[in-house]
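Undergrad: Structure file start34.cif (mmCIF, C-alpha atoms) right here:
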data_protein
loop_
_atom_site.label_atom_id
_atom_site.label_comp_id
_atom_site.auth_asym_id
_atom_site.auth_seq_id
_atom_site.Cartn_x
_atom_site.Cartn_y
_atom_site.Cartn_z
CA MET A 27 -111.43 -80.14 67.55
CA ASP A 28 -109.07 -81.58 70.11
CA MET A 29 -107.24 -84.29 68.17
CA ALA A 30 -105.55 -85.62 71.30
CA ALA A 31 -108.96 -86.18 72.90
CA LEU A 32 -110.23 -87.82 69.70
CA ASN A 33 -107.22 -90.17 69.66
CA ALA A 34 -107.75 -90.99 73.34
CA SER A 35 -111.42 -91.82 72.67
CA ALA A 36 -110.49 -94.03 69.73
CA ARG A 37 -107.80 -95.80 71.77
CA ALA A 38 -110.18 -96.43 74.70
CA LEU A 39 -112.91 -97.73 72.40
CA LEU A 40 -110.48 -100.06 70.63
CA GLU A 41 -109.08 -101.37 73.91
CA ARG A 42 -112.57 -102.09 75.21
CA CYS A 43 -113.48 -103.90 72.01
CA LYS A 44 -110.24 -105.92 72.06
CA THR A 45 -110.95 -106.98 75.65
CA GLU A 46 -114.48 -108.07 74.72
CA ARG A 47 -113.38 -109.49 71.33
CA LEU A 48 -115.77 -107.24 69.40
CA THR A 49 -115.35 -105.82 65.94
CA ILE A 50 -116.66 -102.58 64.42
CA ALA A 51 -118.03 -101.52 61.05
CA THR A 52 -118.71 -97.91 60.12
CA ALA A 53 -121.31 -96.54 57.71
CA GLU A 54 -120.44 -92.95 56.94
CA SER A 55 -122.00 -90.25 54.86
CA CYS A 56 -121.15 -86.72 56.03
CA THR A 57 -117.85 -87.82 57.62
CA GLY A 58 -116.60 -89.49 54.45
CA GLY A 59 -114.56 -92.14 56.28
CA LEU A 60 -113.21 -90.01 59.12
CA ILE A 61 -114.57 -92.36 61.81
CA ALA A 62 -112.78 -95.33 60.26
CA ALA A 63 -109.67 -93.16 59.78
CA ALA A 64 -109.69 -92.10 63.44
CA LEU A 65 -109.99 -95.71 64.56
CA THR A 66 -107.37 -97.08 62.18
CA ALA A 67 -104.90 -94.33 63.15
CA ILE A 68 -104.39 -96.30 66.36
CA PRO A 69 -101.82 -99.14 66.16
CA GLY A 70 -103.46 -102.53 66.61
CA SER A 71 -106.83 -101.37 65.27
CA SER A 72 -106.86 -104.23 62.75
CA ALA A 73 -107.95 -106.51 65.60
CA VAL A 74 -111.16 -104.49 65.94
CA VAL A 75 -112.03 -102.60 62.74
CA ASP A 76 -113.77 -104.92 60.28
CA ARG A 77 -114.66 -102.45 57.53
CA GLY A 78 -116.04 -99.06 56.66
CA PHE A 79 -118.75 -98.12 54.20
CA ILE A 80 -118.54 -94.62 52.74
CA THR A 81 -122.06 -94.09 51.44
CA TYR A 82 -122.08 -90.45 50.48
CA SER A 83 -124.79 -90.70 47.83
CA ASN A 84 -128.31 -91.99 48.35
CA GLU A 85 -127.60 -94.67 45.75
CA ALA A 86 -124.61 -95.87 47.77
CA LYS A 87 -126.74 -96.10 50.90
CA THR A 88 -129.16 -98.31 49.00
CA GLU A 89 -126.63 -100.40 47.05
CA MET A 90 -124.02 -100.96 49.78
CA LEU A 91 -126.15 -101.01 52.93
CA GLY A 92 -129.60 -101.99 51.68
CA VAL A 93 -131.28 -98.79 52.89
CA PRO A 94 -134.64 -98.77 51.11
CA ALA A 95 -134.78 -96.06 48.43
CA ASP A 96 -138.39 -95.30 49.41
CA LEU A 97 -137.27 -94.67 53.01
CA ILE A 98 -134.74 -92.12 51.78
CA ALA A 99 -137.38 -90.55 49.51
CA GLN A 100 -139.94 -90.34 52.33
CA ARG A 101 -137.75 -89.31 55.27
CA GLY A 102 -134.73 -87.77 53.57
CA ALA A 103 -131.16 -89.01 53.74
CA VAL A 104 -130.58 -86.99 56.92
CA SER A 105 -133.13 -88.67 59.16
CA ALA A 106 -133.11 -90.90 62.21
CA ASP A 107 -134.73 -93.72 60.23
CA VAL A 108 -132.05 -93.64 57.54
CA ALA A 109 -129.24 -93.53 60.14
CA ARG A 110 -130.75 -96.56 61.87
CA ALA A 111 -131.13 -98.39 58.55
CA MET A 112 -127.50 -97.59 57.73
CA ALA A 113 -126.31 -99.10 61.02
CA GLU A 114 -128.46 -102.19 60.47
CA GLY A 115 -127.14 -102.46 56.92
CA ALA A 116 -123.55 -102.23 58.11
CA LEU A 117 -124.17 -105.18 60.44
CA LYS A 118 -125.96 -107.14 57.73
CA HIS A 119 -123.20 -106.56 55.16
CA SER A 120 -120.27 -107.29 57.49
CA LYS A 121 -119.18 -109.71 60.16
CA ALA A 122 -118.83 -106.90 62.70
CA ASP A 123 -120.37 -107.05 66.15
CA LEU A 124 -120.95 -103.30 66.36
CA ALA A 125 -121.85 -100.70 63.77
CA VAL A 126 -122.06 -96.95 63.82
CA ALA A 127 -123.69 -94.85 61.11
CA VAL A 128 -123.75 -91.12 60.47
CA THR A 129 -125.67 -88.97 58.03
CA GLY A 130 -125.86 -85.21 58.19
CA ILE A 131 -125.42 -81.78 56.70
CA ALA A 132 -121.85 -80.58 57.20
CA GLY A 133 -122.31 -77.43 55.14
CA PRO A 134 -121.74 -74.82 54.07
CA ASP A 135 -124.60 -75.66 51.66
CA GLY A 136 -127.47 -78.10 51.81
CA GLY A 137 -129.27 -76.89 54.90
CA SER A 138 -132.91 -75.86 55.18
CA ALA A 139 -135.16 -74.49 57.90
CA GLU A 140 -136.24 -78.03 58.80
CA LYS A 141 -132.77 -79.58 58.40
CA PRO A 142 -130.16 -76.90 59.04
CA VAL A 143 -126.43 -77.09 58.48
CA GLY A 144 -124.93 -78.92 61.45
CA LEU A 145 -127.78 -81.44 61.79
CA VAL A 146 -126.38 -84.97 62.08
CA GLN A 147 -128.14 -88.26 62.80
CA ILE A 148 -125.99 -90.94 64.46
CA ALA A 149 -127.06 -94.54 65.04
CA ALA A 150 -125.22 -97.45 66.62
CA ALA A 151 -126.22 -101.10 66.72
CA ARG A 152 -124.90 -104.23 68.37
CA ARG A 153 -125.46 -107.56 66.65
CA GLY A 154 -128.29 -109.25 68.53
CA GLY A 155 -128.41 -106.40 71.02
CA ALA A 156 -129.03 -102.76 71.72
CA ARG A 157 -129.75 -99.99 69.23
CA LEU A 158 -129.01 -96.34 69.98
CA HIS A 159 -129.72 -93.12 68.12
CA GLU A 160 -128.74 -89.54 68.73
CA GLU A 161 -129.62 -86.37 66.86
CA MET A 162 -126.90 -83.74 67.00
CA ARG A 163 -127.42 -80.08 66.15
CA TYR A 164 -123.95 -78.57 66.07
CA GLY A 165 -125.03 -75.43 64.26
CA ASP A 166 -123.18 -73.77 61.41
CA ILE A 167 -119.74 -74.19 63.01
CA GLY A 168 -117.92 -74.88 59.75
CA ARG A 169 -117.74 -78.01 57.63
CA ASP A 170 -114.59 -79.45 59.22
CA ASN A 171 -115.86 -78.81 62.75
CA VAL A 172 -119.20 -80.51 62.03
CA ARG A 173 -117.37 -83.52 60.62
CA TYR A 174 -114.90 -83.85 63.51
CA GLU A 175 -117.56 -83.28 66.16
CA THR A 176 -119.56 -86.03 64.47
CA VAL A 177 -116.59 -88.41 64.71
CA ALA A 178 -116.29 -87.68 68.44
CA SER A 179 -120.03 -88.15 68.96
CA ALA A 180 -120.05 -91.41 67.00
CA MET A 181 -117.27 -92.84 69.17
CA ALA A 182 -119.11 -91.71 72.30
CA LEU A 183 -122.28 -93.44 71.07
CA LEU A 184 -120.33 -96.65 70.43
CA ALA A 185 -118.90 -96.42 73.95
CA ARG A 186 -122.46 -96.03 75.33
CA LEU A 187 -123.50 -99.08 73.33
CA LEU A 188 -120.84 -101.06 75.20
CA ALA A 189 -121.84 -99.72 78.64
#
For the file at hand, write its structure as structure tokens.

TA:
Amino acid sequence: MDMAALNASARALLERCKTERLTIATAESCTGGLIAAALTAIPGSSAVVDRGFITYSNEAKTEMLGVPADLIAQRGAVSADVARAMAEGALKHSKADLAVAVTGIAGPDGGSAEKPVGLVQIAAARRGGARLHEEMRYGDIGRDNVRYETVASAMALLARLLA
């Protein structure tokens, strides 16, 4: 992962949000807070970053974000529907204008034929506006690489939400 490129993406996203007076909330499962960490590594990020939800367990997704337990049971935690519900929940449980949510299988364990290691669902939502979703299949590139690629993809999806 190119950390300089990741920092540049974070900086550009924050500058755009500052200009438009928008704030961000993150809802993270497989990244464990890395999206919020990448954003808050940039000086001045407090003007943009509202909060981050680290919802690693299914219970946390339900308790902190309001993701219906039956949705998780029916679709699985790593599903487009759950990622979308996480993004919606992050908006509902914050004052942020934008939210990004990620749920996936970073590995090395936990994959299946249907949901292999490297599968990540990313959703972004704008309060009163657009909703985006992207399914990423990074492959079994190593746990850290899946997580950092997910951070980069989440920032790119937020940037698309602003376009």

Undergrad: For stretch 169-177 of chain A, find every residue with an atom within 12 Å (counting only C-alpha atoms), except residues of its own chain fewer than 4 positions away, and show them as a PDB file with C-alpha atoms, keeping the file's coordinate frame.

TA:
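Heads up, here's the output in around03.pdb:
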ATOM      1  CA  MET A  27    -111.430 -80.140  67.550  1.00  0.00           C
ATOM      2  CA  ASP A  28    -109.070 -81.580  70.110  1.00  0.00           C
ATOM      3  CA  MET A  29    -107.240 -84.290  68.170  1.00  0.00           C
ATOM      4  CA  ALA A  31    -108.960 -86.180  72.900  1.00  0.00           C
ATOM      5  CA  LEU A  32    -110.230 -87.820  69.700  1.00  0.00           C
ATOM      6  CA  ASN A  33    -107.220 -90.170  69.660  1.00  0.00           C
ATOM      7  CA  SER A  35    -111.420 -91.820  72.670  1.00  0.00           C
ATOM      8  CA  ALA A  36    -110.490 -94.030  69.730  1.00  0.00           C
ATOM      9  CA  THR A  52    -118.710 -97.910  60.120  1.00  0.00           C
ATOM     10  CA  ALA A  53    -121.310 -96.540  57.710  1.00  0.00           C
ATOM     11  CA  GLU A  54    -120.440 -92.950  56.940  1.00  0.00           C
ATOM     12  CA  SER A  55    -122.000 -90.250  54.860  1.00  0.00           C
ATOM     13  CA  CYS A  56    -121.150 -86.720  56.030  1.00  0.00           C
ATOM     14  CA  THR A  57    -117.850 -87.820  57.620  1.00  0.00           C
ATOM     15  CA  GLY A  58    -116.600 -89.490  54.450  1.00  0.00           C
ATOM     16  CA  GLY A  59    -114.560 -92.140  56.280  1.00  0.00           C
ATOM     17  CA  LEU A  60    -113.210 -90.010  59.120  1.00  0.00           C
ATOM     18  CA  ILE A  61    -114.570 -92.360  61.810  1.00  0.00           C
ATOM     19  CA  ALA A  62    -112.780 -95.330  60.260  1.00  0.00           C
ATOM     20  CA  ALA A  63    -109.670 -93.160  59.780  1.00  0.00           C
ATOM     21  CA  ALA A  64    -109.690 -92.100  63.440  1.00  0.00           C
ATOM     22  CA  LEU A  65    -109.990 -95.710  64.560  1.00  0.00           C
ATOM     23  CA  VAL A 126    -122.060 -96.950  63.820  1.00  0.00           C
ATOM     24  CA  ALA A 127    -123.690 -94.850  61.110  1.00  0.00           C
ATOM     25  CA  VAL A 128    -123.750 -91.120  60.470  1.00  0.00           C
ATOM     26  CA  THR A 129    -125.670 -88.970  58.030  1.00  0.00           C
ATOM     27  CA  GLY A 130    -125.860 -85.210  58.190  1.00  0.00           C
ATOM     28  CA  ILE A 131    -125.420 -81.780  56.700  1.00  0.00           C
ATOM     29  CA  ALA A 132    -121.850 -80.580  57.200  1.00  0.00           C
ATOM     30  CA  GLY A 133    -122.310 -77.430  55.140  1.00  0.00           C
ATOM     31  CA  PRO A 134    -121.740 -74.820  54.070  1.00  0.00           C
ATOM     32  CA  ASP A 135    -124.600 -75.660  51.660  1.00  0.00           C
ATOM     33  CA  GLY A 136    -127.470 -78.100  51.810  1.00  0.00           C
ATOM     34  CA  GLY A 137    -129.270 -76.890  54.900  1.00  0.00           C
ATOM     35  CA  PRO A 142    -130.160 -76.900  59.040  1.00  0.00           C
ATOM     36  CA  VAL A 143    -126.430 -77.090  58.480  1.00  0.00           C
ATOM     37  CA  GLY A 144    -124.930 -78.920  61.450  1.00  0.00           C
ATOM     38  CA  LEU A 145    -127.780 -81.440  61.790  1.00  0.00           C
ATOM     39  CA  VAL A 146    -126.380 -84.970  62.080  1.00  0.00           C
ATOM     40  CA  GLN A 147    -128.140 -88.260  62.800  1.00  0.00           C
ATOM     41  CA  ILE A 148    -125.990 -90.940  64.460  1.00  0.00           C
ATOM     42  CA  ALA A 149    -127.060 -94.540  65.040  1.00  0.00           C
ATOM     43  CA  GLU A 160    -128.740 -89.540  68.730  1.00  0.00           C
ATOM     44  CA  GLU A 161    -129.620 -86.370  66.860  1.00  0.00           C
ATOM     45  CA  MET A 162    -126.900 -83.740  67.000  1.00  0.00           C
ATOM     46  CA  ARG A 163    -127.420 -80.080  66.150  1.00  0.00           C
ATOM     47  CA  TYR A 164    -123.950 -78.570  66.070  1.00  0.00           C
ATOM     48  CA  GLY A 165    -125.030 -75.430  64.260  1.00  0.00           C
ATOM     49  CA  MET A 181    -117.270 -92.840  69.170  1.00  0.00           C
ATOM     50  CA  ALA A 182    -119.110 -91.710  72.300  1.00  0.00           C
ATOM     51  CA  LEU A 183    -122.280 -93.440  71.070  1.00  0.00           C
ATOM     52  CA  LEU A 184    -120.330 -96.650  70.430  1.00  0.00           C
TER      53      LEU A 184
END

Undergrad: The PyMOL selection byres ((chain A and resi 37-47) around 7) on the file shown: which residues, as a count of residues only?

TA: 11

Undergrad: Calculated over all atoms listed in the file, which of the candidates A:Ala30, A:Ile80, A:Leu158, A:Ala125 has the smallest distance to A:Asp107?

TA: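 The answer is A:Leu158, which sits nearest to A:Asp107.
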
Undergrad: Produce the centre coordinates and the three edge lengths, each in Å to one decimal, of the box along x, y and z that contains all listed atoms of stretch 118-126 of chain A with 6 Å added on each side, as JSON.

TA:
{"center_x": -122.4, "center_y": -103.3, "center_z": 60.8, "size_x": 19.1, "size_y": 24.8, "size_z": 23.2}

Undergrad: Can you work out which one of A:Ala109, A:Ala122, A:Leu188, A:Ala116 has the shortest atom-to-atom distance to A:His159, counting all atoms listed in the file?

TA: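 Selected residue with least distance to A:His159: A:Ala109.
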
Undergrad: Please compute the atom CA of A:Leu124-atom CA of A:Ser72 distance, one decimal, in Å.

TA: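 Atom-to-atom, atom CA of A:Leu124 to atom CA of A:Ser72, that is 14.6 Å.
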
Undergrad: Could you jot down the atom CA of A:Gly102 to atom CA of A:Met90 separation for me, Å, one decimal place?

TA: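 These two atoms are separated by 17.4 Å.
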
Undergrad: Export stretch 44-57 of chain A, C-alpha atoms, as a PDB file, in the first residue's frame; it's the structure right above.

TA:
ATOM      1  CA  LYS A  44     -13.906  21.728   4.544  1.00  0.00           C
ATOM      2  CA  THR A  45     -14.722  23.818   1.474  1.00  0.00           C
ATOM      3  CA  GLU A  46     -18.281  22.466   1.385  1.00  0.00           C
ATOM      4  CA  ARG A  47     -18.613  22.493   5.200  1.00  0.00           C
ATOM      5  CA  LEU A  48     -19.383  18.766   5.351  1.00  0.00           C
ATOM      6  CA  THR A  49     -18.578  16.321   8.100  1.00  0.00           C
ATOM      7  CA  ILE A  50     -17.854  12.587   7.956  1.00  0.00           C
ATOM      8  CA  ALA A  51     -18.675   9.578  10.109  1.00  0.00           C
ATOM      9  CA  THR A  52     -17.172   6.145   9.549  1.00  0.00           C
ATOM     10  CA  ALA A  53     -18.682   2.750  10.326  1.00  0.00           C
ATOM     11  CA  GLU A  54     -15.938   0.163  10.182  1.00  0.00           C
ATOM     12  CA  SER A  55     -15.802  -3.563  10.618  1.00  0.00           C
ATOM     13  CA  CYS A  56     -12.889  -5.214   8.778  1.00  0.00           C
ATOM     14  CA  THR A  57     -10.750  -2.052   8.890  1.00  0.00           C
TER      15      THR A  57
END
